[in-house]
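Text of the file structure.cif, holding mmCIF, C-alpha atoms and all ligand atoms:
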data_structure
loop_
_atom_site.label_atom_id
_atom_site.label_comp_id
_atom_site.auth_asym_id
_atom_site.auth_seq_id
_atom_site.Cartn_x
_atom_site.Cartn_y
_atom_site.Cartn_z
CA MET M 848 0.00 0.00 0.00
CA SER M 849 1.31 3.49 -0.76
CA ALA M 850 2.68 5.60 2.08
CA VAL M 851 0.41 8.03 3.93
CA PHE M 852 3.34 9.40 5.90
CA GLN M 853 7.02 9.61 5.07
CA VAL M 854 10.07 11.04 6.75
CA GLN M 855 13.10 11.23 4.51
CA ASN M 856 16.67 11.79 5.66
CA LEU M 857 15.70 14.02 8.58
CA LYS M 858 18.60 15.69 10.36
CA LYS M 859 18.71 17.95 13.41
CA SER M 860 21.60 19.10 15.58
CA PHE M 861 21.64 21.18 18.73
CA GLY M 862 25.01 22.94 18.71
CA GLY M 863 27.49 20.18 18.00
CA LEU M 864 25.12 17.40 19.09
CA ALA M 865 23.50 15.48 16.22
CA VAL M 866 20.17 14.47 17.80
CA THR M 867 18.44 13.25 14.63
CA GLN M 868 20.78 11.58 12.18
CA ASP M 869 19.45 10.88 8.72
CA VAL M 870 16.18 9.36 9.94
CA SER M 871 13.79 7.89 7.34
CA ILE M 872 10.47 6.17 8.12
CA SER M 873 7.55 5.35 5.88
CA MET M 874 4.05 4.37 7.06
CA ALA M 875 1.00 3.08 5.19
CA PRO M 876 -2.65 3.42 6.29
CA GLY M 877 -3.37 0.94 9.06
CA ASP M 878 0.26 0.59 10.17
CA ARG M 879 0.91 0.00 13.87
CA VAL M 880 4.46 1.06 14.58
CA ALA M 881 6.26 1.44 17.91
CA LEU M 882 9.21 3.80 18.23
CA ILE M 883 11.52 2.77 21.05
CA GLY M 884 14.91 3.86 22.33
CA SER M 885 16.65 4.63 25.60
CA ASN M 886 16.42 7.99 27.36
CA GLY M 887 18.09 10.65 25.24
CA ALA M 888 17.95 8.54 22.05
CA GLY M 889 16.12 11.37 20.30
CA LYS M 890 12.46 10.23 20.33
CA THR M 891 10.99 13.51 21.57
CA THR M 892 13.08 15.52 19.14
CA PHE M 893 11.94 13.26 16.30
CA VAL M 894 8.27 13.73 17.25
CA ASN M 895 8.72 17.50 17.46
CA LEU M 896 10.28 17.50 13.99
CA VAL M 897 7.37 15.48 12.66
CA THR M 898 4.67 17.65 14.27
CA GLY M 899 6.31 20.89 13.15
CA HIS M 900 7.25 22.10 16.64
CA LEU M 901 10.88 21.96 15.51
CA GLN M 902 12.32 22.62 12.05
CA PRO M 903 14.88 20.10 10.73
CA ASP M 904 18.28 21.17 9.46
CA SER M 905 17.56 19.07 6.38
CA GLY M 906 15.24 16.32 5.20
CA LYS M 907 11.59 16.09 4.31
CA VAL M 908 8.25 15.16 5.91
CA THR M 909 5.38 14.22 3.61
CA LEU M 910 1.77 13.52 4.44
CA GLY M 911 -0.54 11.91 1.90
CA GLY M 912 2.14 12.62 -0.71
CA GLY M 913 2.28 16.37 0.04
CA ASP M 914 5.39 18.05 1.47
CA VAL M 915 4.58 19.49 4.93
CA THR M 916 8.17 20.18 6.02
CA SER M 917 7.77 23.94 6.07
CA LEU M 918 4.29 23.91 7.66
CA GLY M 919 3.69 24.72 11.33
CA PRO M 920 1.92 22.41 13.80
CA THR M 921 -1.62 23.72 13.22
CA LYS M 922 -1.48 23.25 9.45
CA ARG M 923 -0.11 19.73 9.90
CA VAL M 924 -2.98 18.87 12.23
CA GLN M 925 -5.46 20.18 9.66
CA GLN M 926 -3.84 17.90 7.09
CA GLY M 927 -4.26 14.87 9.33
CA LEU M 928 -1.06 14.55 11.34
CA VAL M 929 -2.21 14.53 14.96
CA ARG M 930 -0.35 13.96 18.20
CA SER M 931 -2.36 12.78 21.19
CA PHE M 932 -3.10 15.59 23.62
CA GLN M 933 -1.40 15.54 26.99
CA VAL M 934 -3.30 15.16 30.27
CA THR M 935 -1.70 18.43 31.32
CA ARG M 936 -3.70 20.17 28.58
CA LEU M 937 -7.10 18.97 29.80
CA PHE M 938 -9.35 21.38 31.71
CA ALA M 939 -10.13 20.12 35.20
CA ASP M 940 -13.61 21.70 35.33
CA MET M 941 -14.74 20.51 31.91
CA THR M 942 -16.29 17.13 31.16
CA PRO M 943 -15.03 14.57 28.62
CA GLN M 944 -18.16 15.30 26.56
CA GLU M 945 -17.36 19.03 26.48
CA HIS M 946 -13.72 18.40 25.59
CA VAL M 947 -14.56 16.15 22.66
CA ALA M 948 -17.41 18.42 21.50
CA LEU M 949 -14.99 21.34 21.43
CA ALA M 950 -12.54 19.32 19.31
CA VAL M 951 -15.32 18.30 16.89
CA LEU M 952 -16.55 21.91 16.64
CA GLN M 953 -13.01 23.08 16.03
CA ARG M 954 -12.46 20.53 13.26
CA THR M 955 -15.73 21.42 11.59
CA GLY M 956 -15.12 25.18 11.81
CA ARG M 957 -17.79 25.86 14.39
CA ALA M 958 -15.60 26.57 17.42
CA ARG M 959 -16.97 30.10 17.75
CA ARG M 960 -20.22 28.62 18.95
CA ILE M 961 -18.21 27.03 21.71
CA LEU M 962 -20.14 24.77 24.02
CA GLY M 963 -23.17 27.06 24.28
CA ASN M 964 -25.53 24.71 22.53
CA PHE M 965 -23.61 21.70 21.23
CA HIS M 966 -26.25 19.56 22.94
CA ALA M 967 -28.65 20.83 20.28
CA MET M 968 -26.37 19.76 17.44
CA PRO M 969 -27.28 16.14 16.67
CA ASP M 970 -24.23 15.52 14.46
CA VAL M 971 -21.84 16.74 17.18
CA MET M 972 -23.60 14.78 19.92
CA ALA M 973 -23.58 11.62 17.79
CA GLU M 974 -19.87 11.91 17.01
CA VAL M 975 -18.96 12.73 20.62
CA GLY M 976 -20.99 9.74 21.85
CA GLU M 977 -19.35 7.42 19.35
CA LEU M 978 -15.82 8.56 20.19
CA LEU M 979 -16.34 8.26 23.94
CA HIS M 980 -17.82 4.82 23.35
CA THR M 981 -14.86 3.75 21.18
CA LEU M 982 -12.49 4.72 23.99
CA GLY M 983 -14.68 3.06 26.62
CA ILE M 984 -15.32 6.26 28.59
CA ASP M 985 -18.92 7.02 27.62
CA HIS M 986 -20.07 6.19 31.15
CA ILE M 987 -18.12 9.16 32.55
CA ALA M 988 -19.02 11.56 29.72
CA THR M 989 -20.53 14.20 32.00
CA ARG M 990 -18.19 13.98 34.97
CA LYS M 991 -15.57 16.68 35.50
CA VAL M 992 -12.07 15.73 34.37
CA SER M 993 -10.85 16.41 37.92
CA GLU M 994 -13.13 13.60 39.13
CA ILE M 995 -12.11 10.87 36.69
CA ALA M 996 -9.20 8.42 37.00
CA TYR M 997 -5.84 9.16 35.40
CA GLY M 998 -6.23 6.23 33.01
CA GLN M 999 -9.58 7.67 31.87
CA GLN M 1000 -7.92 11.05 31.31
CA ARG M 1001 -5.36 9.34 29.09
CA LEU M 1002 -8.17 7.71 27.11
CA LEU M 1003 -9.77 11.14 26.75
CA GLU M 1004 -6.50 12.41 25.23
CA ILE M 1005 -6.84 9.77 22.52
CA ALA M 1006 -10.53 10.59 21.97
CA LEU M 1007 -9.58 14.24 21.46
CA ALA M 1008 -6.93 13.30 18.92
CA LEU M 1009 -9.41 11.07 17.05
CA ALA M 1010 -11.97 13.90 17.02
CA LEU M 1011 -9.59 15.71 14.67
CA LYS M 1012 -9.94 12.81 12.19
CA PRO M 1013 -6.24 12.08 11.77
CA LYS M 1014 -4.67 10.04 9.00
CA VAL M 1015 -1.57 9.60 11.15
CA LEU M 1016 -1.72 9.46 14.95
CA LEU M 1017 1.34 9.92 17.14
CA LEU M 1018 0.84 8.45 20.59
CA ASP M 1019 3.29 9.50 23.28
CA GLU M 1020 3.52 6.78 25.94
CA PRO M 1021 -0.24 6.25 26.22
CA ALA M 1022 0.09 4.00 29.28
CA ALA M 1023 2.67 6.04 31.21
CA GLY M 1024 1.53 6.80 34.75
CA VAL M 1025 -1.51 4.54 34.44
CA PRO M 1026 -1.87 1.95 37.21
CA GLN M 1027 -1.19 -1.59 36.03
CA SER M 1028 -4.79 -2.55 36.77
CA ASP M 1029 -5.99 0.00 34.17
CA THR M 1030 -3.53 -0.78 31.36
CA PRO M 1031 -5.87 -3.43 29.83
CA ARG M 1032 -8.38 -0.61 29.21
CA ILE M 1033 -5.72 1.39 27.37
CA GLU M 1034 -4.75 -1.68 25.35
CA ALA M 1035 -8.38 -2.38 24.48
CA ALA M 1036 -8.80 1.22 23.32
CA LEU M 1037 -5.66 0.98 21.19
CA ALA M 1038 -6.91 -2.27 19.68
CA GLY M 1039 -10.15 -0.47 18.74
CA LEU M 1040 -8.51 2.41 16.84
CA PRO M 1041 -9.78 2.88 13.26
CA ALA M 1042 -8.30 0.17 11.04
CA ASP M 1043 -7.12 2.58 8.33
CA LEU M 1044 -5.39 4.97 10.74
CA ALA M 1045 -1.56 4.86 10.72
CA VAL M 1046 -0.37 4.85 14.33
CA LEU M 1047 3.13 5.61 15.57
CA MET M 1048 3.44 4.93 19.29
CA ILE M 1049 6.38 5.98 21.44
CA GLU M 1050 6.49 3.62 24.36
CA HIS M 1051 8.85 2.33 27.03
CA ASP M 1052 6.63 -0.52 28.23
CA MET M 1053 7.89 -3.37 26.10
CA ASP M 1054 4.98 -5.66 26.91
CA LEU M 1055 2.61 -3.05 25.47
CA VAL M 1056 4.91 -2.57 22.47
CA PHE M 1057 4.85 -6.27 21.68
CA ARG M 1058 1.08 -6.52 22.03
CA PHE M 1059 0.35 -3.44 19.94
CA ALA M 1060 3.00 -3.08 17.25
CA LYS M 1061 3.29 -4.96 13.98
CA ARG M 1062 6.57 -3.14 13.39
CA VAL M 1063 9.21 -1.72 15.72
CA VAL M 1064 11.64 1.11 14.97
CA VAL M 1065 14.61 1.53 17.31
CA LEU M 1066 16.42 4.84 17.74
CA ALA M 1067 19.88 5.00 19.32
CA ALA M 1068 21.90 8.21 19.52
CA GLY M 1069 19.55 9.84 17.02
CA ALA M 1070 19.83 7.16 14.32
CA ILE M 1071 17.57 4.27 13.38
CA ILE M 1072 19.38 1.04 14.18
CA PHE M 1073 16.43 -1.30 13.50
CA ASP M 1074 13.16 -1.17 11.55
CA GLY M 1075 11.37 -4.50 11.38
CA SER M 1076 9.10 -7.02 13.02
CA PRO M 1077 8.63 -7.43 16.80
CA GLN M 1078 9.81 -11.03 16.38
CA ASP M 1079 13.13 -9.94 14.92
CA VAL M 1080 13.80 -6.95 17.18
CA THR M 1081 14.66 -9.07 20.20
CA LYS M 1082 17.14 -11.08 18.15
CA ASP M 1083 19.01 -8.07 16.77
CA ALA M 1084 22.46 -7.80 18.34
CA ARG M 1085 22.68 -4.00 18.08
CA VAL M 1086 19.26 -3.52 19.61
CA ARG M 1087 20.07 -5.87 22.47
CA GLU M 1088 23.24 -3.97 23.15
CA ALA M 1089 21.74 -0.49 22.82
CA TYR M 1090 18.37 -0.98 24.42
CA LEU M 1091 16.63 -4.24 25.03
CA GLY M 1092 19.32 -6.08 26.99
CA ASN M 1093 17.63 -7.91 29.81
CA TYR M 1094 14.16 -7.74 28.30
CA ALA M 1095 15.29 -9.69 25.22
CA ASN M 1096 17.07 -12.24 27.37
CA ASP M 1097 13.97 -12.71 29.56
CA ARG M 1098 11.76 -13.22 26.51
CA SER M 1099 14.02 -15.77 24.90
CA ALA M 1100 14.31 -17.61 28.22
CA ALA M 1101 10.51 -17.63 28.68
N1 LIG M 1201 16.46 22.05 22.72
C1 LIG M 1201 17.55 21.30 22.94
N2 LIG M 1201 18.77 21.86 23.04
C2 LIG M 1201 19.87 21.10 23.24
N3 LIG M 1201 19.86 19.77 23.37
C3 LIG M 1201 18.68 19.15 23.28
C4 LIG M 1201 17.45 19.86 23.08
N4 LIG M 1201 16.43 18.98 23.04
C5 LIG M 1201 16.98 17.76 23.22
N5 LIG M 1201 18.33 17.86 23.37
C6 LIG M 1201 19.27 16.74 23.56
O1 LIG M 1201 19.02 15.82 22.50
C7 LIG M 1201 19.14 14.48 22.95
C8 LIG M 1201 17.87 13.71 22.63
O2 LIG M 1201 16.82 14.21 23.45
P1 LIG M 1201 15.31 13.70 23.31
O3 LIG M 1201 14.53 14.39 24.38
O4 LIG M 1201 14.86 13.86 21.92
O5 LIG M 1201 15.47 12.16 23.64
P2 LIG M 1201 14.35 11.09 24.06
O6 LIG M 1201 14.69 9.84 23.35
O7 LIG M 1201 13.02 11.67 23.83
O8 LIG M 1201 14.60 10.91 25.60
P3 LIG M 1201 13.50 10.64 26.78
O9 LIG M 1201 13.02 9.24 26.58
O10 LIG M 1201 14.35 10.83 28.00
O11 LIG M 1201 12.44 11.69 26.62
C9 LIG M 1201 19.48 14.56 24.43
O12 LIG M 1201 20.88 14.44 24.57
C10 LIG M 1201 19.01 15.94 24.82
O13 LIG M 1201 19.76 16.43 25.90
#
As structure tokens, what does this structure read like?
Amino acid sequence: MSAVFQVQNLKKSFGGLAVTQDVSISMAPGDRVALIGSNGAGKTTFVNLVTGHLQPDSGKVTLGGGDVTSLGPTKRVQQGLVRSFQVTRLFADMTPQEHVALAVLQRTGRARRILGNFHAMPDVMAEVGELLHTLGIDHIATRKVSEIAYGQQRLLEIALALALKPKVLLLDEPAAGVPQSDTPRIEAALAGLPADLAVLMIEHDMDLVFRFAKRVVVLAAGAIIFDGSPQDVTKDARVREAYLGNYANDRSAA
């Protein structure tokens, strides 16, 4: 299938430090890719280059075949490249329903009529209901964010990203900070993401990576050292040395 998202030969240095070194990744609709790497490997910088929060020194980012390298974050979102919102950007006094309604209104160019009467807009209410249902948080739709569990807030982040109808979704550690007892809910939500959406997930939890990803990309010192199947990643000598170490040994012993 042809690529919906491509990064070609991306480079970025901070002073003398090359943080992104000739990185190329291509994703097709429906891809489920995990980006892993140790602390300081360059994952956050890579995501910021992709979203437009940072400009590369050289290289190209294309979305649906169009070059978006010189576009800022807002334009990239409008074209379908969406990063999940962060819990820190949720409003404590607003409900999940209001958050998602606002995102839908924004996407459909009706944000000026903010919240006032979205209850009277059947299309908005239907979409909000469906999204909250997809993420398994419809039962807390009208509670304040300050009253819902952290794991539910993280699911709301994903609902907000989906409300923008992305073609490519970047998920930044969706299970980080979520109690172990709630991670199955996050995994179920991830399993229910739209089949044609390309998803790139940055994640440290290797169990989640192996359950979610069909492909794993490993960054080390700003460069891609592996891009392949989850089965092969644990066998790769460079990956074991740079990152997986004990995890790979445990899995092969199991
Ligand atoms: N604005 C900046 N100025 C200078 N150096 C930076 C800047 N941003 C990141 N770096 C450096 O670039 C390297 C990669 O950082 P980055 O945050 O991208 O890694 P990471 O893989 O996301 O790490 P973590 O998992 O800890 O978030 C680090 O050595 C970091 O100190």
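The residue that comes closest to ligand LIG 1201 (chain M), out of M:Gln853, M:Ala1070, M:Pro943, M:Leu1003 and on the basis of only C-alpha atoms and all ligand atoms, is M:Ala1070.
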Grab the atom CA of M:Glu974 to atom CA of M:Ala948 distance for me, in Å with one decimal place.
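That distance, rounded to one decimal, is 8.3 Å.
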Can you check which parts of chain M lie within 6 Å of ligand LIG 1201 (chain M)? Per residue, the shortest pair of atoms and distance in Å to one decimal, counting only C-alpha atoms and all ligand atoms, sorted by chain and number, as JSON lines.
{"residue": "M:Phe861", "atom": "CA", "partner": "M:LIG1201", "partner_atom": "C2", "distance": 4.8}
{"residue": "M:Val866", "atom": "CA", "partner": "M:LIG1201", "partner_atom": "O1", "distance": 5.0}
{"residue": "M:Ser885", "atom": "CA", "partner": "M:LIG1201", "partner_atom": "O9", "distance": 5.9}
{"residue": "M:Asn886", "atom": "CA", "partner": "M:LIG1201", "partner_atom": "O10", "distance": 3.6}
{"residue": "M:Gly887", "atom": "CA", "partner": "M:LIG1201", "partner_atom": "O5", "distance": 3.4}
{"residue": "M:Ala888", "atom": "CA", "partner": "M:LIG1201", "partner_atom": "O6", "distance": 3.7}
{"residue": "M:Gly889", "atom": "CA", "partner": "M:LIG1201", "partner_atom": "O4", "distance": 3.2}
{"residue": "M:Lys890", "atom": "CA", "partner": "M:LIG1201", "partner_atom": "O6", "distance": 3.8}
{"residue": "M:Thr891", "atom": "CA", "partner": "M:LIG1201", "partner_atom": "O7", "distance": 3.6}
{"residue": "M:Thr892", "atom": "CA", "partner": "M:LIG1201", "partner_atom": "O4", "distance": 3.7}
Which residues are near M:Ala1023? Cut-off 9 Å, all atoms listed in the file, ignore same chain within fewer than 4 positions. Put them as a PDB file with C-alpha atoms, keeping the file's coordinate frame.
ATOM      1  CA  ARG M1001      -5.360   9.340  29.090  1.00  0.00           C
ATOM      2  CA  ASP M1019       3.290   9.500  23.280  1.00  0.00           C
ATOM      3  CA  GLU M1050       6.490   3.620  24.360  1.00  0.00           C
ATOM      4  CA  HIS M1051       8.850   2.330  27.030  1.00  0.00           C
ATOM      5  CA  ASP M1052       6.630  -0.520  28.230  1.00  0.00           C
TER       6      ASP M1052
END
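Using all atoms listed in the file for every distance, the candidate list M:Thr867, M:Gln1078, M:Ser931, M:Ser849 yields M:Ser849 as the residue closest to M:Gly911.
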Counting only C-alpha atoms, I want the residues whose atoms come within 9 Å of (-7.5, 14.3, 20.6) in the file frame, returned as a PyMOL selection string.
chain M and resi 929-933+946-947+950+1003-1012
